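K.L.:
Let me give you the structure first, and then I'll get to my questions.
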Amino acid sequence: MNITFNLNGKDVSIEVRPDKRLSSILRDDLNLKGVRKGCGTGHCGSCIILLDDLLVSSCQIPAFASRHKKIITIEGLSQSREFNDILSGFKEAGVHLCAYCAPARIISTAYMLRKHIMPTEEQIIDNISSVQCRCSSFSHLKNGIIQASIHYNRRKSNG
Ligand code: FES
Ligand code: FES
């Protein structure tokens with residue numbers, strides 16, 4: 001079956017098998033390696049993307065369900081100013097994200113900041129738990145997100 005979607009701002013047409021997951025199409029067929037291979041069961045969050053502006057685990061989405069939708073992966077998000085806000089915040093807090101969770105962590109943080117410009121502690125905890133991390137501590141991640149929200153907020157307030 002041939003499907004079309006908008007991927008990181010560009011229309012893409014691709015042939016997909018009905019049993020293919022969106023994560024596999026993005027990573028293997030379209031070479032977007034920022035979509036990490038993880039558990040494949042919807043638990044680790046490493047394959048997180050934005051699908052029509054919603055945060056989803058792409059390993060849980062049949063590829064055909066992305067037809068006519070808008071997909072943003074870390075490769076697309078990295079062109080945005082919010083990406084720089086998040087990196088600056090993490091850097092200031094001394095968070096060094098490794099390649100395993102960085103793409104998903106940055107996307108999930110961007111999603112939260114779009115919804116909650118100054119997130120509450122509960123929202124930050126929810127956000128941190130949406131992506132498994134093997135090497136950064138909870139308190140480091142929390143400080144990084146708080147710093148990221150300060151950058152994001154400041155830029156938004158300055159228009
Ligand atoms: S690989 Fe998709 S949630 Fe783990
Ligand atoms: S920083 Fe390594 S898994 Fe999160």
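Chain labels A, B, ... are given in the sequence in which chains occur in the structure tokens; within each chain residues are numbered consecutively from 1, and ligands are likewise numbered from 1 in the order shown.
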Name the residues of chain A that fall into helix (DSSP H, G or I) according to DSSP on the backbone, using the chain letters and numbers of this document, as an MDAnalysis selection string.
P.N.:
chainID A and resid 22:29 58:60 63:66 74:77 81:92 102:115 121:129 138:157
K.L.:
Given a cut-off of 6 Å, what residues near ligand 1 show up using only C-alpha atoms and all ligand atoms, put as a list in words?
P.N.:
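Here is the list of contacting residues: Lys37, Gly38, Cys39, Gly40, Thr41, Gly42, His43, Cys44, Gly45, Ser46, Cys47, Ser57, Ser58 and Cys59 of chain A.
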K.L.:
Which residues of segment 101-152 of chain A come within 12 Å of segment 63-73 of chain A, and for each one, what is the closest pair of atoms and their distance in Å to one decimal, counting only C-alpha atoms, sorted by chain and residue number, as a tab-separated table?
P.N.:
residue	atom	partner	partner_atom	distance
A:Pro103	CA	A:Thr73	CA	8.2
A:Ala104	CA	A:Thr73	CA	8.8
A:Arg105	CA	A:Thr73	CA	11.7
A:Ile106	CA	A:Thr73	CA	10.2
A:Ile107	CA	A:Thr73	CA	7.7
A:Ser108	CA	A:Thr73	CA	10.8
A:Ala110	CA	A:Ile72	CA	11.3
A:Tyr111	CA	A:Ile72	CA	10.9
K.L.:
Neighbours of ligand 2 at 12 Å or closer, counting only C-alpha atoms and all ligand atoms: which residues, as a PDB file with N, CA and C atoms, in the first residue's frame?
P.N.:
ATOM      1  N   ARG A  36      15.007   5.690  17.865  1.00  0.00           N
ATOM      2  CA  ARG A  36      15.821   4.587  18.390  1.00  0.00           C
ATOM      3  C   ARG A  36      15.044   3.267  18.412  1.00  0.00           C
ATOM      4  N   GLY A  38      14.183   0.269  20.545  1.00  0.00           N
ATOM      5  CA  GLY A  38      14.187  -0.089  21.961  1.00  0.00           C
ATOM      6  C   GLY A  38      13.387  -1.354  22.183  1.00  0.00           C
ATOM      7  N   CYS A  44       9.574   1.713  26.674  1.00  0.00           N
ATOM      8  CA  CYS A  44      10.805   2.464  26.969  1.00  0.00           C
ATOM      9  C   CYS A  44      10.765   3.912  26.490  1.00  0.00           C
ATOM     10  N   GLY A  45       9.965   4.205  25.492  1.00  0.00           N
ATOM     11  CA  GLY A  45       9.845   5.587  24.992  1.00  0.00           C
ATOM     12  C   GLY A  45      10.950   6.011  24.042  1.00  0.00           C
ATOM     13  N   SER A  46      11.878   5.123  23.727  1.00  0.00           N
ATOM     14  CA  SER A  46      13.017   5.573  22.911  1.00  0.00           C
ATOM     15  C   SER A  46      12.645   5.834  21.446  1.00  0.00           C
ATOM     16  N   PHE A  90      19.589  21.857  29.475  1.00  0.00           N
ATOM     17  CA  PHE A  90      20.230  20.624  29.932  1.00  0.00           C
ATOM     18  C   PHE A  90      21.722  20.859  30.209  1.00  0.00           C
ATOM     19  N   GLY A  94      24.012  20.600  33.747  1.00  0.00           N
ATOM     20  CA  GLY A  94      25.023  19.536  33.779  1.00  0.00           C
ATOM     21  C   GLY A  94      24.483  18.185  33.349  1.00  0.00           C
ATOM     22  N   VAL A  95      23.410  18.183  32.549  1.00  0.00           N
ATOM     23  CA  VAL A  95      22.855  16.906  32.055  1.00  0.00           C
ATOM     24  C   VAL A  95      23.542  16.578  30.739  1.00  0.00           C
ATOM     25  N   HIS A  96      24.178  15.412  30.706  1.00  0.00           N
ATOM     26  CA  HIS A  96      24.814  14.977  29.458  1.00  0.00           C
ATOM     27  C   HIS A  96      24.036  13.768  28.961  1.00  0.00           C
ATOM     28  N   LEU A  97      23.129  14.019  28.059  1.00  0.00           N
ATOM     29  CA  LEU A  97      22.310  12.912  27.562  1.00  0.00           C
ATOM     30  C   LEU A  97      23.132  12.068  26.595  1.00  0.00           C
ATOM     31  N   CYS A  98      23.068  10.750  26.757  1.00  0.00           N
ATOM     32  CA  CYS A  98      23.763   9.900  25.797  1.00  0.00           C
ATOM     33  C   CYS A  98      22.846   9.658  24.594  1.00  0.00           C
ATOM     34  N   ALA A  99      23.423   9.045  23.575  1.00  0.00           N
ATOM     35  CA  ALA A  99      22.690   8.873  22.316  1.00  0.00           C
ATOM     36  C   ALA A  99      21.452   7.984  22.485  1.00  0.00           C
ATOM     37  N   TYR A 100      21.449   7.161  23.517  1.00  0.00           N
ATOM     38  CA  TYR A 100      20.323   6.230  23.662  1.00  0.00           C
ATOM     39  C   TYR A 100      18.999   6.956  23.908  1.00  0.00           C
ATOM     40  N   CYS A 101      18.975   7.889  24.862  1.00  0.00           N
ATOM     41  CA  CYS A 101      17.685   8.507  25.180  1.00  0.00           C
ATOM     42  C   CYS A 101      17.545   9.951  24.732  1.00  0.00           C
ATOM     43  N   ALA A 102      18.649  10.557  24.252  1.00  0.00           N
ATOM     44  CA  ALA A 102      18.591  11.994  23.935  1.00  0.00           C
ATOM     45  C   ALA A 102      17.457  12.372  22.976  1.00  0.00           C
ATOM     46  N   PRO A 103      17.295  11.695  21.828  1.00  0.00           N
ATOM     47  CA  PRO A 103      16.251  12.150  20.901  1.00  0.00           C
ATOM     48  C   PRO A 103      14.861  12.142  21.537  1.00  0.00           C
ATOM     49  N   ALA A 104      14.530  11.045  22.196  1.00  0.00           N
ATOM     50  CA  ALA A 104      13.191  10.940  22.792  1.00  0.00           C
ATOM     51  C   ALA A 104      13.026  11.918  23.954  1.00  0.00           C
ATOM     52  N   ARG A 105      14.084  12.096  24.733  1.00  0.00           N
ATOM     53  CA  ARG A 105      14.003  13.015  25.882  1.00  0.00           C
ATOM     54  C   ARG A 105      13.756  14.439  25.391  1.00  0.00           C
ATOM     55  N   ILE A 106      14.438  14.831  24.337  1.00  0.00           N
ATOM     56  CA  ILE A 106      14.282  16.200  23.826  1.00  0.00           C
ATOM     57  C   ILE A 106      12.889  16.376  23.222  1.00  0.00           C
ATOM     58  N   ILE A 128       9.496  12.890  32.687  1.00  0.00           N
ATOM     59  CA  ILE A 128      10.730  12.106  32.852  1.00  0.00           C
ATOM     60  C   ILE A 128      10.426  10.619  32.724  1.00  0.00           C
ATOM     61  N   SER A 129       9.291  10.209  33.303  1.00  0.00           N
ATOM     62  CA  SER A 129       9.014   8.766  33.248  1.00  0.00           C
ATOM     63  C   SER A 129       8.536   8.287  31.876  1.00  0.00           C
ATOM     64  N   SER A 130       8.274   9.214  30.957  1.00  0.00           N
ATOM     65  CA  SER A 130       7.823   8.763  29.635  1.00  0.00           C
ATOM     66  C   SER A 130       8.973   8.191  28.796  1.00  0.00           C
ATOM     67  N   VAL A 131      10.218   8.453  29.220  1.00  0.00           N
ATOM     68  CA  VAL A 131      11.383   7.940  28.471  1.00  0.00           C
ATOM     69  C   VAL A 131      12.350   7.291  29.463  1.00  0.00           C
ATOM     70  N   GLN A 132      12.639   6.021  29.277  1.00  0.00           N
ATOM     71  CA  GLN A 132      13.586   5.344  30.183  1.00  0.00           C
ATOM     72  C   GLN A 132      14.985   5.880  29.967  1.00  0.00           C
ATOM     73  N   CYS A 133      15.686   6.054  31.085  1.00  0.00           N
ATOM     74  CA  CYS A 133      17.055   6.558  30.999  1.00  0.00           C
ATOM     75  C   CYS A 133      17.949   5.644  31.823  1.00  0.00           C
ATOM     76  N   ARG A 134      19.083   5.254  31.233  1.00  0.00           N
ATOM     77  CA  ARG A 134      19.984   4.330  31.930  1.00  0.00           C
ATOM     78  C   ARG A 134      21.074   5.066  32.682  1.00  0.00           C
ATOM     79  N   CYS A 135      21.325   6.312  32.316  1.00  0.00           N
ATOM     80  CA  CYS A 135      22.511   6.925  32.910  1.00  0.00           C
ATOM     81  C   CYS A 135      22.361   8.279  33.579  1.00  0.00           C
ATOM     82  N   SER A 136      21.263   8.989  33.423  1.00  0.00           N
ATOM     83  CA  SER A 136      21.141  10.280  34.121  1.00  0.00           C
ATOM     84  C   SER A 136      20.217  10.117  35.318  1.00  0.00           C
ATOM     85  N   SER A 137      20.534  10.838  36.398  1.00  0.00           N
ATOM     86  CA  SER A 137      19.690  10.704  37.589  1.00  0.00           C
ATOM     87  C   SER A 137      18.415  11.523  37.408  1.00  0.00           C
ATOM     88  N   PHE A 138      17.410  11.154  38.171  1.00  0.00           N
ATOM     89  CA  PHE A 138      16.134  11.857  38.118  1.00  0.00           C
ATOM     90  C   PHE A 138      16.334  13.348  38.437  1.00  0.00           C
ATOM     91  N   HIS A 140      18.964  15.241  38.172  1.00  0.00           N
ATOM     92  CA  HIS A 140      19.646  15.943  37.079  1.00  0.00           C
ATOM     93  C   HIS A 140      18.668  16.263  35.953  1.00  0.00           C
ATOM     94  N   LEU A 141      17.889  15.255  35.575  1.00  0.00           N
ATOM     95  CA  LEU A 141      16.929  15.460  34.474  1.00  0.00           C
ATOM     96  C   LEU A 141      15.919  16.540  34.851  1.00  0.00           C
ATOM     97  N   GLY A 144      17.468  19.867  34.540  1.00  0.00           N
ATOM     98  CA  GLY A 144      17.630  20.196  33.121  1.00  0.00           C
ATOM     99  C   GLY A 144      16.328  20.689  32.524  1.00  0.00           C
TER     100      GLY A 144
END
K.L.:
Find the residues around segment 3-9 of chain A up to 12 Å (only C-alpha atoms counted), leave out those fewer than 2 positions away in its own chain, and share them as number ranges by chain.
P.N.:
A: 1, 11-18, 22, 25-26, 30, 32, 49-53, 62-80
K.L.:
Taking only C-alpha atoms into account, name the residue in A:His151, A:Lys33, A:Lys91, A:Lys20 that is nearest to Leu113 of chain A.
P.N.:
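Using only C-alpha atoms, Leu113 of chain A sits closest to A:His151.
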K.L.:
If you run DSSP on the backbone, which residues of chain A are strand (DSSP E or B), as a PyMOL selection string?
P.N.:
chain A and resi 2-7+10-15+21+48-51+54-57+62+70-72
K.L.:
Just give me the gap between atom CA of Lys10 of chain A and atom CA of Gly89 of chain A in Å, one decimal is fine.
P.N.:
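Atom CA of Gly89 of chain A lies at a distance of 29.0 Å from atom CA of Lys10 of chain A.
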K.L.:
Pick out the residues sitting within 8 Å of Ile124 of chain A, and hand them over as a list in words; count only C-alpha atoms, and ignore anything fewer than 5 positions along from it in its own chain.
P.N.:
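After dropping sequence-adjacent residues, the list is Pro119, Lys142 and Ile145 of chain A.
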K.L.:
Quick one: distance from atom CA of Asn153 of chain A to atom CA of Gln123 of chain A in Å, one decimal?
P.N.:
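Atom CA of Gln123 of chain A lies at a distance of 15.9 Å from atom CA of Asn153 of chain A.
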